[in-house]
>>> print(open('my_file.csv').read())   # CSV, C-alpha atoms (C1' of nucleotides)
chain,number,residue,atom,x,y,z
A,24,MET,CA,-8.8,-15.2,-3.9
A,25,ASP,CA,-9.8,-13.9,-0.6
A,26,ILE,CA,-6.5,-12.3,0.3
A,27,ARG,CA,-6.3,-9.1,2.4
A,28,ILE,CA,-3.1,-7.2,2.7
A,29,SER,CA,-2.2,-4.5,5.2
A,30,LEU,CA,0.2,-1.8,4.2
A,31,THR,CA,0.6,-0.6,7.7
A,32,ASP,CA,1.5,-3.5,9.9
A,33,GLY,CA,5.1,-3.8,8.9
A,34,VAL,CA,4.8,-7.3,7.5
A,35,PRO,CA,6.1,-7.5,3.9
A,36,ILE,CA,3.4,-7.8,1.3
A,37,TYR,CA,4.9,-10.8,-0.4
A,38,GLN,CA,5.0,-12.5,3.0
A,39,GLN,CA,1.4,-11.8,3.7
A,40,ILE,CA,0.5,-13.3,0.4
A,41,VAL,CA,2.6,-16.4,1.1
A,42,THR,CA,1.0,-16.9,4.5
A,43,GLN,CA,-2.5,-16.4,3.4
A,44,VAL,CA,-2.2,-18.7,0.4
A,45,ARG,CA,-0.8,-21.3,2.8
A,46,TYR,CA,-3.8,-20.7,5.0
A,47,LEU,CA,-6.3,-21.0,2.1
A,48,ILE,CA,-4.7,-24.2,1.0
A,49,ALA,CA,-4.5,-25.7,4.5
A,50,ALA,CA,-8.1,-24.7,5.2
A,51,GLY,CA,-9.3,-26.4,2.0
A,52,SER,CA,-10.4,-23.3,0.1
A,53,LEU,CA,-7.7,-24.0,-2.5
A,54,GLU,CA,-7.6,-27.6,-3.4
A,55,PRO,CA,-4.7,-29.4,-5.2
A,56,GLY,CA,-4.9,-28.9,-8.9
A,57,ILE,CA,-6.7,-25.6,-8.8
A,58,GLU,CA,-5.1,-22.9,-10.8
A,59,MET,CA,-3.9,-19.8,-9.0
A,60,PRO,CA,-4.7,-16.4,-10.3
A,61,PRO,CA,-2.0,-15.2,-12.8
A,62,ILE,CA,0.6,-13.0,-11.2
A,63,ARG,CA,-0.6,-9.9,-13.0
A,64,VAL,CA,-4.2,-10.5,-12.1
A,65,LEU,CA,-3.6,-10.9,-8.4
A,66,ALA,CA,-1.3,-8.0,-8.5
A,67,GLU,CA,-4.0,-5.9,-10.1
A,68,GLN,CA,-6.6,-7.0,-7.5
A,69,LEU,CA,-4.3,-6.3,-4.6
A,70,GLN,CA,-3.0,-3.1,-6.3
A,71,VAL,CA,0.6,-4.1,-5.9
A,72,ASN,CA,3.5,-4.6,-8.3
A,73,PRO,CA,3.5,-7.9,-10.2
A,74,ASN,CA,7.0,-8.6,-8.9
A,75,THR,CA,5.7,-8.7,-5.4
A,76,VAL,CA,3.2,-11.4,-6.3
A,77,ALA,CA,5.9,-13.2,-8.3
A,78,ARG,CA,8.1,-13.3,-5.3
A,79,ALA,CA,5.3,-14.8,-3.2
A,80,TYR,CA,4.6,-17.4,-5.9
A,81,ARG,CA,8.3,-18.2,-6.2
A,82,GLU,CA,8.6,-18.9,-2.5
A,83,LEU,CA,5.5,-21.1,-2.6
A,84,GLU,CA,7.0,-23.0,-5.5
A,85,LEU,CA,10.3,-23.5,-3.8
A,86,GLU,CA,8.6,-25.1,-0.8
A,87,GLY,CA,6.5,-27.2,-3.2
A,88,THR,CA,3.2,-25.8,-2.3
A,89,VAL,CA,2.4,-24.8,-5.8
A,90,GLU,CA,3.7,-25.7,-9.2
A,91,LYS,CA,4.4,-23.5,-12.1
A,92,ARG,CA,3.8,-24.9,-15.5
A,93,SER,CA,5.9,-22.5,-17.6
A,94,THR,CA,3.5,-20.4,-19.5
A,95,ARG,CA,0.4,-22.2,-18.6
A,96,GLY,CA,0.0,-20.9,-15.1
A,97,THR,CA,0.5,-21.7,-11.5
A,98,PHE,CA,-1.3,-24.5,-9.8
A,99,VAL,CA,-1.8,-25.8,-6.3
A,100,SER,CA,0.4,-29.0,-6.1
A,101,ASP,CA,-0.8,-32.4,-5.1
A,102,SER,CA,1.0,-32.2,-1.9
A,103,GLY,CA,0.1,-28.5,-1.4
A,104,SER,CA,-2.2,-29.1,1.5
A,105,LYS,CA,0.3,-31.2,3.4
A,106,LEU,CA,3.1,-28.8,2.8
A,107,ALA,CA,1.2,-25.7,3.6
A,108,THR,CA,0.2,-27.3,6.9
A,109,ARG,CA,3.7,-28.4,7.6
A,110,HIS,CA,5.1,-24.9,7.0
A,111,ARG,CA,2.5,-23.4,9.2
A,112,GLN,CA,3.5,-25.8,12.0
A,113,ALA,CA,7.1,-25.1,11.4
A,114,ALA,CA,6.4,-21.4,11.8
A,115,LEU,CA,4.7,-22.1,15.0
A,116,HIS,CA,7.5,-24.2,16.3
A,117,GLU,CA,9.9,-21.4,15.6
A,118,ARG,CA,7.8,-19.0,17.6
A,119,ILE,CA,7.6,-21.5,20.5
A,120,ASP,CA,11.4,-21.9,20.5
A,121,GLN,CA,11.9,-18.2,20.6
A,122,LEU,CA,9.5,-18.0,23.5
A,123,LEU,CA,11.1,-20.8,25.4
A,124,ALA,CA,14.5,-19.2,25.0
A,125,GLU,CA,13.3,-15.8,26.2
A,126,SER,CA,11.4,-17.2,29.1
A,127,THR,CA,14.3,-19.3,30.2
A,128,GLN,CA,16.5,-16.2,30.1
A,129,LEU,CA,13.9,-14.5,32.3
A,130,GLY,CA,14.2,-17.3,34.8
A,131,PHE,CA,10.7,-18.7,34.2
A,132,SER,CA,10.1,-22.4,34.5
A,133,VAL,CA,8.0,-24.0,31.8
A,134,ASP,CA,5.1,-24.4,34.2
A,135,GLN,CA,5.3,-20.7,35.0
A,136,LEU,CA,5.3,-20.0,31.3
A,137,ILE,CA,2.2,-22.1,30.8
A,138,LYS,CA,0.4,-20.1,33.4
A,139,GLU,CA,1.3,-16.9,31.7
A,140,ILE,CA,0.0,-18.3,28.4
A,141,HIS,CA,-3.3,-19.2,30.0
A,142,SER,CA,-3.5,-15.8,31.4
A,143,ARG,CA,-2.7,-14.1,28.1
A,144,SER,CA,-5.1,-16.3,26.3
A,145,ARG,CA,-7.9,-15.1,28.5
A,146,VAL,CA,-6.9,-11.5,27.8
A,147,MET,CA,-6.9,-12.2,24.1
A,148,GLU,CA,-10.3,-13.8,24.2
A,149,ARG,CA,-11.7,-10.8,25.8
A,150,MET,CA,-10.2,-8.6,23.2
A,151,GLN,CA,-11.5,-10.8,20.4
A,152,LYS,CA,-15.1,-10.0,21.4
A,153,LYS,CA,-14.5,-6.3,21.1
A,154,ALA,CA,-12.4,-6.2,17.9
A,155,GLY,CA,-14.1,-5.7,14.6
A,156,PRO,CA,-13.0,-7.3,11.3
A,157,GLY,CA,-9.7,-6.1,10.0
A,158,ARG,CA,-9.4,-3.5,7.2
A,159,GLY,CA,-7.2,-3.8,4.1
A,160,LYS,CA,-7.1,-4.4,0.4
A,161,SER,CA,-8.9,-7.6,-0.5
A,162,ALA,CA,-9.2,-9.8,-3.5
B,16,MET,CA,30.1,-5.0,33.3
B,17,ASP,CA,29.7,-8.5,31.9
B,18,ILE,CA,28.1,-7.7,28.6
B,19,ARG,CA,28.6,-9.7,25.5
B,20,ILE,CA,27.6,-8.5,22.1
B,21,SER,CA,27.3,-10.4,18.9
B,22,LEU,CA,27.9,-8.7,15.6
B,23,THR,CA,26.4,-11.5,13.6
B,24,ASP,CA,23.1,-12.4,15.1
B,25,GLY,CA,21.2,-9.5,13.5
B,26,VAL,CA,20.1,-8.0,16.8
B,27,PRO,CA,21.1,-4.3,17.0
B,28,ILE,CA,24.0,-3.6,19.4
B,29,TYR,CA,22.2,-1.0,21.3
B,30,GLN,CA,19.3,-3.4,21.9
B,31,GLN,CA,21.6,-6.1,23.1
B,32,ILE,CA,23.1,-3.6,25.6
B,33,VAL,CA,19.6,-2.6,26.8
B,34,THR,CA,18.5,-6.2,27.2
B,35,GLN,CA,21.6,-7.3,29.0
B,36,VAL,CA,21.6,-4.3,31.4
B,37,ARG,CA,18.0,-5.1,32.3
B,38,TYR,CA,19.1,-8.7,32.9
B,39,LEU,CA,22.0,-7.7,35.1
B,40,ILE,CA,19.7,-5.4,37.1
B,41,ALA,CA,16.9,-7.9,37.4
B,42,ALA,CA,19.3,-10.6,38.4
B,43,GLY,CA,20.8,-8.3,41.1
B,44,SER,CA,24.3,-7.9,39.7
B,45,LEU,CA,23.6,-4.2,39.3
B,46,GLU,CA,21.9,-2.8,42.4
B,47,PRO,CA,20.0,0.5,42.7
B,48,GLY,CA,22.4,3.4,43.2
B,49,ILE,CA,25.4,1.8,41.5
B,50,GLU,CA,27.0,3.9,38.9
B,51,MET,CA,27.0,2.6,35.3
B,52,PRO,CA,30.2,2.7,33.3
B,53,PRO,CA,30.5,6.0,31.5
B,54,ILE,CA,29.4,5.9,27.9
B,55,ARG,CA,32.8,6.2,26.5
B,56,VAL,CA,34.3,3.5,28.8
B,57,LEU,CA,31.7,0.9,28.0
B,58,ALA,CA,32.0,1.8,24.3
B,59,GLU,CA,35.7,1.3,24.5
B,60,GLN,CA,35.3,-2.1,26.2
B,61,LEU,CA,32.8,-3.3,23.7
B,62,GLN,CA,34.7,-1.7,20.8
B,63,VAL,CA,31.7,0.1,19.5
B,64,ASN,CA,30.8,3.8,18.9
B,65,PRO,CA,30.0,5.8,22.0
B,66,ASN,CA,26.7,6.9,20.3
B,67,THR,CA,25.6,3.2,20.3
B,68,VAL,CA,26.0,3.0,24.1
B,69,ALA,CA,24.5,6.4,24.5
B,70,ARG,CA,21.4,5.2,22.7
B,71,ALA,CA,21.1,2.2,25.0
B,72,TYR,CA,21.5,4.4,28.0
B,73,ARG,CA,18.9,6.8,26.7
B,74,GLU,CA,16.4,4.0,26.3
B,75,LEU,CA,17.1,2.7,29.7
B,76,GLU,CA,16.6,6.2,31.1
B,77,LEU,CA,13.4,6.7,29.2
B,78,GLU,CA,11.9,3.7,30.9
B,79,GLY,CA,13.2,4.8,34.2
B,80,THR,CA,15.6,1.9,34.8
B,81,VAL,CA,18.6,4.2,35.1
B,82,GLU,CA,19.0,7.9,35.9
B,83,LYS,CA,21.4,10.3,34.4
B,84,ARG,CA,22.8,13.0,36.7
B,85,SER,CA,24.0,15.5,34.1
B,86,THR,CA,27.7,15.4,34.1
B,87,ARG,CA,28.1,13.2,37.1
B,88,GLY,CA,27.3,9.9,35.4
B,89,THR,CA,24.6,7.3,35.0
B,90,PHE,CA,23.2,5.4,37.9
B,91,VAL,CA,20.8,2.5,38.4
B,92,SER,CA,17.6,4.0,39.7
B,93,ASP,CA,15.9,3.1,42.9
B,94,SER,CA,13.1,1.4,41.0
B,95,GLY,CA,15.5,-0.1,38.5
B,96,SER,CA,15.1,-3.6,39.5
B,97,LYS,CA,11.3,-3.5,39.4
B,98,LEU,CA,11.3,-1.7,36.1
B,99,ALA,CA,13.8,-4.0,34.5
B,100,THR,CA,11.8,-7.0,35.6
B,101,ARG,CA,8.6,-5.5,34.3
B,102,HIS,CA,10.1,-4.7,30.9
B,103,ARG,CA,11.4,-8.3,30.6
B,104,GLN,CA,8.0,-9.6,31.5
B,105,ALA,CA,6.4,-7.2,28.9
B,106,ALA,CA,8.7,-8.6,26.3
B,107,LEU,CA,7.6,-12.1,27.2
B,108,HIS,CA,3.9,-11.2,27.1
B,109,GLU,CA,4.4,-9.8,23.6
B,110,ARG,CA,5.9,-13.0,22.4
B,111,ILE,CA,3.2,-15.0,24.0
B,112,ASP,CA,0.6,-12.9,22.3
B,113,GLN,CA,2.2,-13.3,18.9
B,114,LEU,CA,2.3,-17.0,19.5
B,115,LEU,CA,-1.3,-17.2,20.5
B,116,ALA,CA,-2.4,-15.3,17.5
B,117,GLU,CA,-0.4,-17.5,15.2
B,118,SER,CA,-1.6,-20.7,16.8
B,119,THR,CA,-5.2,-19.6,16.7
B,120,GLN,CA,-4.8,-18.9,13.0
B,121,LEU,CA,-3.4,-22.4,12.7
B,122,GLY,CA,-6.5,-23.8,14.3
B,123,PHE,CA,-4.8,-25.0,17.4
B,124,SER,CA,-6.6,-24.9,20.7
B,125,VAL,CA,-4.7,-23.5,23.7
B,126,ASP,CA,-4.4,-27.0,25.1
B,127,GLN,CA,-2.8,-28.3,21.9
B,128,LEU,CA,-0.5,-25.4,22.0
B,129,ILE,CA,0.6,-26.3,25.5
B,130,LYS,CA,1.3,-29.8,24.4
B,131,GLU,CA,3.5,-28.4,21.6
B,132,ILE,CA,5.3,-26.3,24.0
B,133,HIS,CA,6.1,-29.2,26.3
B,134,SER,CA,7.3,-31.1,23.3
B,135,ARG,CA,9.5,-28.3,22.1
B,136,SER,CA,10.9,-27.7,25.6
B,137,ARG,CA,12.1,-31.3,25.7
B,138,VAL,CA,13.8,-30.8,22.4
B,139,MET,CA,15.4,-27.6,23.6
B,140,GLU,CA,16.6,-29.2,26.8
B,141,ARG,CA,18.3,-31.9,24.7
B,142,MET,CA,20.0,-29.2,22.6
B,143,GLN,CA,21.1,-27.3,25.7
B,144,LYS,CA,23.3,-30.2,26.8
B,145,LYS,CA,25.2,-30.2,23.5
B,146,ALA,CA,25.6,-26.4,23.0
B,147,GLY,CA,28.7,-24.7,24.3
B,148,PRO,CA,28.8,-21.2,25.7
B,149,GLY,CA,28.3,-18.3,23.2
B,150,ARG,CA,31.1,-16.2,21.7
B,151,GLY,CA,31.2,-12.5,21.4
B,152,LYS,CA,32.8,-9.3,22.6
B,153,SER,CA,32.7,-9.1,26.4
B,154,ALA,CA,33.1,-6.4,29.0
C,4,DT,C1',2.7,-17.4,-38.0
C,5,DC,C1',1.1,-13.9,-35.0
C,6,DT,C1',-0.8,-12.5,-30.9
C,7,DT,C1',-1.8,-13.2,-26.3
C,8,DT,C1',-0.8,-14.9,-22.0
C,9,DT,C1',2.2,-16.9,-18.9
C,10,DG,C1',6.3,-16.6,-15.8
C,11,DT,C1',11.3,-14.5,-15.6
C,12,DA,C1',15.2,-11.4,-15.1
C,13,DT,C1',17.6,-7.2,-14.4
C,14,DT,C1',18.1,-3.0,-12.5
C,15,DA,C1',16.6,1.2,-9.9
C,16,DT,C1',14.2,3.4,-6.2
C,17,DT,C1',12.7,3.9,-1.8
C,18,DG,C1',12.7,3.7,3.0
C,19,DA,C1',13.8,2.5,7.5
C,20,DG,C1',17.0,1.5,10.8
C,21,DT,C1',21.7,1.3,12.8
C,22,DT,C1',26.1,2.9,13.5
C,23,DA,C1',29.8,6.2,13.1
C,24,DA,C1',32.3,10.8,12.9
C,25,DT,C1',32.5,14.9,15.0
C,26,DA,C1',31.5,19.0,17.5
C,27,DC,C1',29.0,20.9,21.6
C,28,DA,C1',27.5,22.0,26.5
C,29,DA,C1',27.5,21.7,31.3
C,30,DC,C1',29.0,20.4,35.7
C,31,DG,C1',32.7,19.5,39.2
C,32,DG,C1',37.1,19.2,41.3
C,33,DT,C1',41.6,21.3,41.6
D,19,DA,C1',39.5,30.2,36.4
D,20,DC,C1',40.5,26.0,34.2
D,21,DC,C1',40.7,21.4,32.7
D,22,DG,C1',38.8,17.0,32.4
D,23,DT,C1',34.9,14.3,32.7
D,24,DT,C1',30.2,13.6,31.9
D,25,DG,C1',26.2,13.3,28.6
D,26,DT,C1',24.1,15.7,24.2
D,27,DA,C1',23.2,16.9,19.5
D,28,DT,C1',23.8,16.9,14.6
D,29,DT,C1',24.8,15.0,10.5
D,30,DA,C1',26.6,11.5,7.4
D,31,DA,C1',27.4,7.0,5.8
D,32,DC,C1',26.2,2.5,5.4
D,33,DT,C1',23.4,-1.6,5.2
D,34,DC,C1',19.6,-4.2,4.0
D,35,DA,C1',15.1,-5.4,2.6
D,36,DA,C1',11.1,-4.5,0.0
D,37,DT,C1',9.0,-2.8,-3.9
D,38,DA,C1',8.6,-1.0,-8.4
D,39,DA,C1',9.7,-0.1,-13.5
D,40,DT,C1',10.7,-2.2,-17.4
D,41,DA,C1',12.2,-5.4,-20.7
D,42,DC,C1',12.6,-10.4,-21.9
D,43,DA,C1',11.4,-15.4,-23.1
D,44,DA,C1',8.5,-19.1,-24.1
D,45,DA,C1',4.5,-21.7,-24.8
D,46,DA,C1',-0.6,-22.0,-26.4
D,47,DG,C1',-4.0,-21.2,-29.4
D,48,DA,C1',-6.4,-18.7,-33.1
>>> encode(input="my_file.csv", output="structure tokens")
Amino acid sequence: MDIRISLTDGVPIYQQIVTQVRYLIAAGSLEPGIEMPPIRVLAEQLQVNPNTVARAYRELELEGTVEKRSTRGTFVSDSGSKLATRHRQAALHERIDQLLAESTQLGFSVDQLIKEIHSRSRVMERMQKKAGPGRGKSA
Amino acid sequence: MDIRISLTDGVPIYQQIVTQVRYLIAAGSLEPGIEMPPIRVLAEQLQVNPNTVARAYRELELEGTVEKRSTRGTFVSDSGSKLATRHRQAALHERIDQLLAESTQLGFSVDQLIKEIHSRSRVMERMQKKAGPGRGKSA
DNA sequence: TCTTTTGTATTATTGAGTTAATACAACGGT
DNA sequence: ACCGTTGTATTAACTCAATAATACAAAAGA
């Protein structure tokens, strides 16, 4: 499981796990039916408390992305890929809505906002070229 | 001072004050040179602790939007309008950057993102027509 | 049946952030 | 000089979320 957590960026560990599992599933690295690492194993690899991983798995199960089969383990559900993608899109929509609300408050039109986005995306691209790969615990 | 705070939306009170003062200044309701309400007065109007208002004023002073003249009061600084606008734009840029980061992770191109934004903005407009004015303490 | 492996549940600790209570200090007008 | 007004400083309480410590329950398989 190629999951990397950062202890310094303020994002809760369990949330990082959820997000990255969704990513791995949406990207096809984790296919439906595959067994997830047991809670304790992943916790050991990431050097975090098992409860933290349990919380991430619980959230993933609630949304239907994975299935827990009592004592047999946790598996990527059949609809895992679809759900993971949907959740990621929902997260994106939420961000977009926040942004629209804030830019409206600022008196920007949508067109002006679009221009700003293009501008920022150019800046981000430039930064991408300089930035090295992130650091963090990995599994 | 037409400031309305919400005790239920999770945004810290002092932050709401800062944001709304910046808005009032950027919008021209508060012009450079104008005296701000004394900390205790605004605190009384908003029914919050004076320290909360003090914290908001301190932040506004740190960024140069207002000036404190020791015991004479707090005034909108000459560059207040420019600074308030700049801070609001910076906040917007930050949101945009988060959004770009997340959408990149999702595998969206900038153009796809733009389409999503247009789509969401149509949704938001529709919701605007239904929503009534917000409720909250006002001064 | 016993042991191992799985997820679960409960409770405590930690930590950050926000707000409040209260006392202080300085300037200015009378 | 004094009193009232201004902002300041210090400390405490409170809230909330995240994480950890620990014990529990149930199923599978030797």
>>> residues_around(input="my_file.csv", residues="segment 7-22 of chain C", least_positions_apart="6", cutoff="10 Å", atoms="all atoms listed in the file", output="count of residues only")
39
>>> interface_residues(input="my_file.csv", of="chain D", to="chain B", cutoff="12 Å", atoms="all atoms listed in the file", output="list of chain:residue names")
D:DG22, D:DT23, D:DT24, D:DG25, D:DT26, D:DA27, D:DT28, D:DT33, D:DC34
>>> calpha_fit_and_write(input="my_file.csv", fixed="chain A", moving="chain B", output="tab-separated table (two decimals) with C-alpha atoms, in the frame of the given file")
chain	number	residue	atom	x	y	z
B	16	MET	CA	-8.88	-15.29	-4.02
B	17	ASP	CA	-9.80	-13.83	-0.65
B	18	ILE	CA	-6.54	-12.19	0.26
B	19	ARG	CA	-6.26	-9.08	2.28
B	20	ILE	CA	-3.11	-7.09	2.56
B	21	SER	CA	-2.21	-4.37	4.96
B	22	LEU	CA	0.16	-1.63	3.95
B	23	THR	CA	0.65	-0.41	7.47
B	24	ASP	CA	1.40	-3.35	9.65
B	25	GLY	CA	5.07	-3.60	8.64
B	26	VAL	CA	4.78	-7.13	7.29
B	27	PRO	CA	6.09	-7.31	3.69
B	28	ILE	CA	3.34	-7.73	1.06
B	29	TYR	CA	4.87	-10.70	-0.51
B	30	GLN	CA	5.03	-12.44	2.88
B	31	GLN	CA	1.44	-11.68	3.60
B	32	ILE	CA	0.51	-13.25	0.22
B	33	VAL	CA	2.60	-16.36	1.02
B	34	THR	CA	1.08	-16.73	4.46
B	35	GLN	CA	-2.46	-16.26	3.32
B	36	VAL	CA	-2.12	-18.68	0.36
B	37	ARG	CA	-0.80	-21.32	2.75
B	38	TYR	CA	-3.81	-20.60	4.97
B	39	LEU	CA	-6.28	-20.90	2.14
B	40	ILE	CA	-4.66	-24.19	1.06
B	41	ALA	CA	-4.45	-25.61	4.54
B	42	ALA	CA	-8.00	-24.63	5.25
B	43	GLY	CA	-9.15	-26.34	1.99
B	44	SER	CA	-10.35	-23.29	0.09
B	45	LEU	CA	-7.65	-23.95	-2.48
B	46	GLU	CA	-7.51	-27.64	-3.37
B	47	PRO	CA	-4.66	-29.49	-5.12
B	48	GLY	CA	-4.83	-29.00	-8.88
B	49	ILE	CA	-6.67	-25.67	-8.81
B	50	GLU	CA	-5.08	-23.00	-10.83
B	51	MET	CA	-3.83	-19.88	-9.00
B	52	PRO	CA	-4.68	-16.46	-10.37
B	53	PRO	CA	-2.06	-15.37	-12.85
B	54	ILE	CA	0.55	-13.06	-11.41
B	55	ARG	CA	-0.65	-10.05	-13.17
B	56	VAL	CA	-4.34	-10.63	-12.26
B	57	LEU	CA	-3.71	-11.04	-8.57
B	58	ALA	CA	-1.37	-8.02	-8.68
B	59	GLU	CA	-4.08	-6.01	-10.29
B	60	GLN	CA	-6.64	-7.07	-7.66
B	61	LEU	CA	-4.37	-6.27	-4.81
B	62	GLN	CA	-3.08	-3.10	-6.52
B	63	VAL	CA	0.51	-4.04	-6.11
B	64	ASN	CA	3.45	-4.65	-8.52
B	65	PRO	CA	3.35	-7.93	-10.39
B	66	ASN	CA	6.96	-8.60	-9.16
B	67	THR	CA	5.61	-8.63	-5.55
B	68	VAL	CA	3.16	-11.45	-6.41
B	69	ALA	CA	5.76	-13.16	-8.47
B	70	ARG	CA	8.03	-13.27	-5.45
B	71	ALA	CA	5.30	-14.82	-3.33
B	72	TYR	CA	4.62	-17.37	-5.98
B	73	ARG	CA	8.29	-18.18	-6.27
B	74	GLU	CA	8.53	-18.82	-2.56
B	75	LEU	CA	5.51	-20.97	-2.60
B	76	GLU	CA	6.99	-22.94	-5.49
B	77	LEU	CA	10.32	-23.30	-3.78
B	78	GLU	CA	8.66	-25.04	-0.89
B	79	GLY	CA	6.65	-27.15	-3.18
B	80	THR	CA	3.21	-25.81	-2.22
B	81	VAL	CA	2.44	-24.73	-5.77
B	82	GLU	CA	3.79	-25.74	-9.18
B	83	LYS	CA	4.44	-23.55	-12.11
B	84	ARG	CA	3.79	-25.05	-15.56
B	85	SER	CA	5.85	-22.67	-17.69
B	86	THR	CA	3.47	-20.56	-19.59
B	87	ARG	CA	0.36	-22.40	-18.64
B	88	GLY	CA	-0.03	-20.95	-15.15
B	89	THR	CA	0.44	-21.74	-11.50
B	90	PHE	CA	-1.32	-24.58	-9.81
B	91	VAL	CA	-1.69	-25.88	-6.26
B	92	SER	CA	0.43	-28.98	-6.06
B	93	ASP	CA	-0.76	-32.39	-5.09
B	94	SER	CA	1.10	-32.16	-1.80
B	95	GLY	CA	0.14	-28.54	-1.32
B	96	SER	CA	-2.10	-29.02	1.54
B	97	LYS	CA	0.40	-31.11	3.51
B	98	LEU	CA	3.20	-28.72	2.74
B	99	ALA	CA	1.24	-25.65	3.63
B	100	THR	CA	0.23	-27.19	6.91
B	101	ARG	CA	3.78	-28.19	7.68
B	102	HIS	CA	5.15	-24.72	6.94
B	103	ARG	CA	2.50	-23.17	9.26
B	104	GLN	CA	3.42	-25.61	11.95
B	105	ALA	CA	7.18	-24.80	11.39
B	106	ALA	CA	6.39	-21.17	11.86
B	107	LEU	CA	4.65	-21.96	15.12
B	108	HIS	CA	7.52	-24.12	16.38
B	109	GLU	CA	9.90	-21.23	15.72
B	110	ARG	CA	7.85	-18.90	17.79
B	111	ILE	CA	7.56	-21.40	20.53
B	112	ASP	CA	11.28	-21.83	20.56
B	113	GLN	CA	11.92	-18.11	20.76
B	114	LEU	CA	9.48	-17.95	23.60
B	115	LEU	CA	11.08	-20.76	25.48
B	116	ALA	CA	14.47	-19.26	25.15
B	117	GLU	CA	13.26	-15.92	26.37
B	118	SER	CA	11.36	-17.38	29.29
B	119	THR	CA	14.29	-19.52	30.34
B	120	GLN	CA	16.45	-16.41	30.34
B	121	LEU	CA	13.80	-14.81	32.51
B	122	GLY	CA	14.09	-17.64	34.98
B	123	PHE	CA	10.66	-18.99	34.39
B	124	SER	CA	10.04	-22.70	34.57
B	125	VAL	CA	7.98	-24.27	31.77
B	126	ASP	CA	5.08	-24.67	34.17
B	127	GLN	CA	5.12	-20.97	35.06
B	128	LEU	CA	5.22	-20.21	31.43
B	129	ILE	CA	2.12	-22.28	30.84
B	130	LYS	CA	0.34	-20.43	33.56
B	131	GLU	CA	1.27	-17.15	31.83
B	132	ILE	CA	-0.01	-18.40	28.64
B	133	HIS	CA	-3.38	-19.35	30.09
B	134	SER	CA	-3.54	-15.94	31.64
B	135	ARG	CA	-2.71	-14.17	28.43
B	136	SER	CA	-5.17	-16.30	26.45
B	137	ARG	CA	-7.97	-15.13	28.73
B	138	VAL	CA	-6.95	-11.58	28.11
B	139	MET	CA	-6.84	-12.16	24.39
B	140	GLU	CA	-10.24	-13.81	24.37
B	141	ARG	CA	-11.64	-10.72	26.12
B	142	MET	CA	-10.07	-8.49	23.45
B	143	GLN	CA	-11.40	-10.68	20.64
B	144	LYS	CA	-14.99	-9.86	21.60
B	145	LYS	CA	-14.37	-6.11	21.29
B	146	ALA	CA	-12.25	-6.09	18.08
B	147	GLY	CA	-13.96	-5.66	14.75
B	148	PRO	CA	-12.86	-7.29	11.54
B	149	GLY	CA	-9.57	-6.02	9.97
B	150	ARG	CA	-9.34	-3.55	7.07
B	151	GLY	CA	-7.19	-3.85	4.06
B	152	LYS	CA	-7.08	-4.42	0.33
B	153	SER	CA	-8.99	-7.58	-0.59
B	154	ALA	CA	-9.18	-9.89	-3.57
>>> atom_distance(input="my_file.csv", atom1="atom CA of Ile111 of chain B", atom2="atom CA of Arg149 of chain A")
15.6 Å
>>> atom_distance(input="my_file.csv", atom1="atom CA of Val41 of chain A", atom2="atom CA of Ser29 of chain A")
13.5 Å
>>> atom_distance(input="my_file.csv", atom1="atom CA of Leu98 of chain B", atom2="atom CA of Val36 of chain B")
11.6 Å
>>> closest_atom_pairs(input="my_file.csv", of="chain C", to="chain B", cutoff="7 Å", atoms="only C-alpha atoms (C1' of nucleotides)", output="CSV")
residue,atom,partner,partner_atom,distance
C:DT22,C1',B:Thr67,CA,6.8
C:DA23,C1',B:Asn64,CA,6.4
C:DA29,C1',B:Thr86,CA,6.9
C:DC30,C1',B:Thr86,CA,5.4
>>> closest_atom_pairs(input="my_file.csv", of="chain A", to="chain B", cutoff="12 Å", atoms="all atoms listed in the file", output="tab-separated table")
residue	atom	partner	partner_atom	distance
A:Thr42	CA	B:Gln120	CA	10.5
A:Gln43	CA	B:Gln120	CA	10.2
A:Arg45	CA	B:Leu121	CA	10.3
A:Tyr46	CA	B:Leu121	CA	7.9
A:Leu47	CA	B:Leu121	CA	11.1
A:Ile48	CA	B:Leu121	CA	11.9
A:Ala49	CA	B:Leu121	CA	8.9
A:Ala50	CA	B:Leu121	CA	9.1
A:Ala107	CA	B:Leu121	CA	10.7
A:Thr108	CA	B:Leu121	CA	8.4
A:Arg109	CA	B:Leu121	CA	10.6
A:His110	CA	B:Leu121	CA	10.5
A:Arg111	CA	B:Leu121	CA	6.9
A:Gln112	CA	B:Leu121	CA	7.7
A:Ala113	CA	B:Leu121	CA	10.9
A:Ala114	CA	B:Glu117	CA	8.5
A:Leu115	CA	B:Ser118	CA	6.7
A:His116	CA	B:Arg135	CA	7.4
A:Glu117	CA	B:Arg135	CA	9.5
A:Arg118	CA	B:Leu114	CA	6.2
A:Ile119	CA	B:Ile132	CA	6.4
A:Asp120	CA	B:Arg135	CA	6.9
A:Gln121	CA	B:Arg110	CA	8.1
A:Leu122	CA	B:Arg110	CA	6.3
A:Leu123	CA	B:Ser136	CA	6.9
A:Ala124	CA	B:Met139	CA	8.6
A:Glu125	CA	B:Leu107	CA	6.9
A:Ser126	CA	B:Leu107	CA	6.6
A:Thr127	CA	B:Ser136	CA	10.2
A:Gln128	CA	B:Tyr38	CA	8.4
A:Leu129	CA	B:Arg103	CA	6.9
A:Gly130	CA	B:Ala42	CA	9.2
A:Phe131	CA	B:Gln104	CA	9.9
A:Ser132	CA	B:Ser136	CA	10.4
A:Val133	CA	B:Ser136	CA	7.8
A:Asp134	CA	B:His133	CA	9.3
A:Gln135	CA	B:Leu107	CA	11.8
A:Leu136	CA	B:Ile111	CA	9.1
A:Ile137	CA	B:Ile129	CA	6.9
A:Lys138	CA	B:Ile129	CA	10.0
A:Glu139	CA	B:His108	CA	7.8
A:Ile140	CA	B:Ile111	CA	6.4
A:His141	CA	B:Val125	CA	7.8
A:Ser142	CA	B:His108	CA	9.7
A:Arg143	CA	B:Asp112	CA	6.8
A:Ser144	CA	B:Leu115	CA	7.0
A:Arg145	CA	B:Val125	CA	10.2
A:Val146	CA	B:Asp112	CA	9.4
A:Met147	CA	B:Asp112	CA	7.7
A:Glu148	CA	B:Leu115	CA	10.3
A:Met150	CA	B:Asp112	CA	11.7
A:Gln151	CA	B:Ala116	CA	10.6
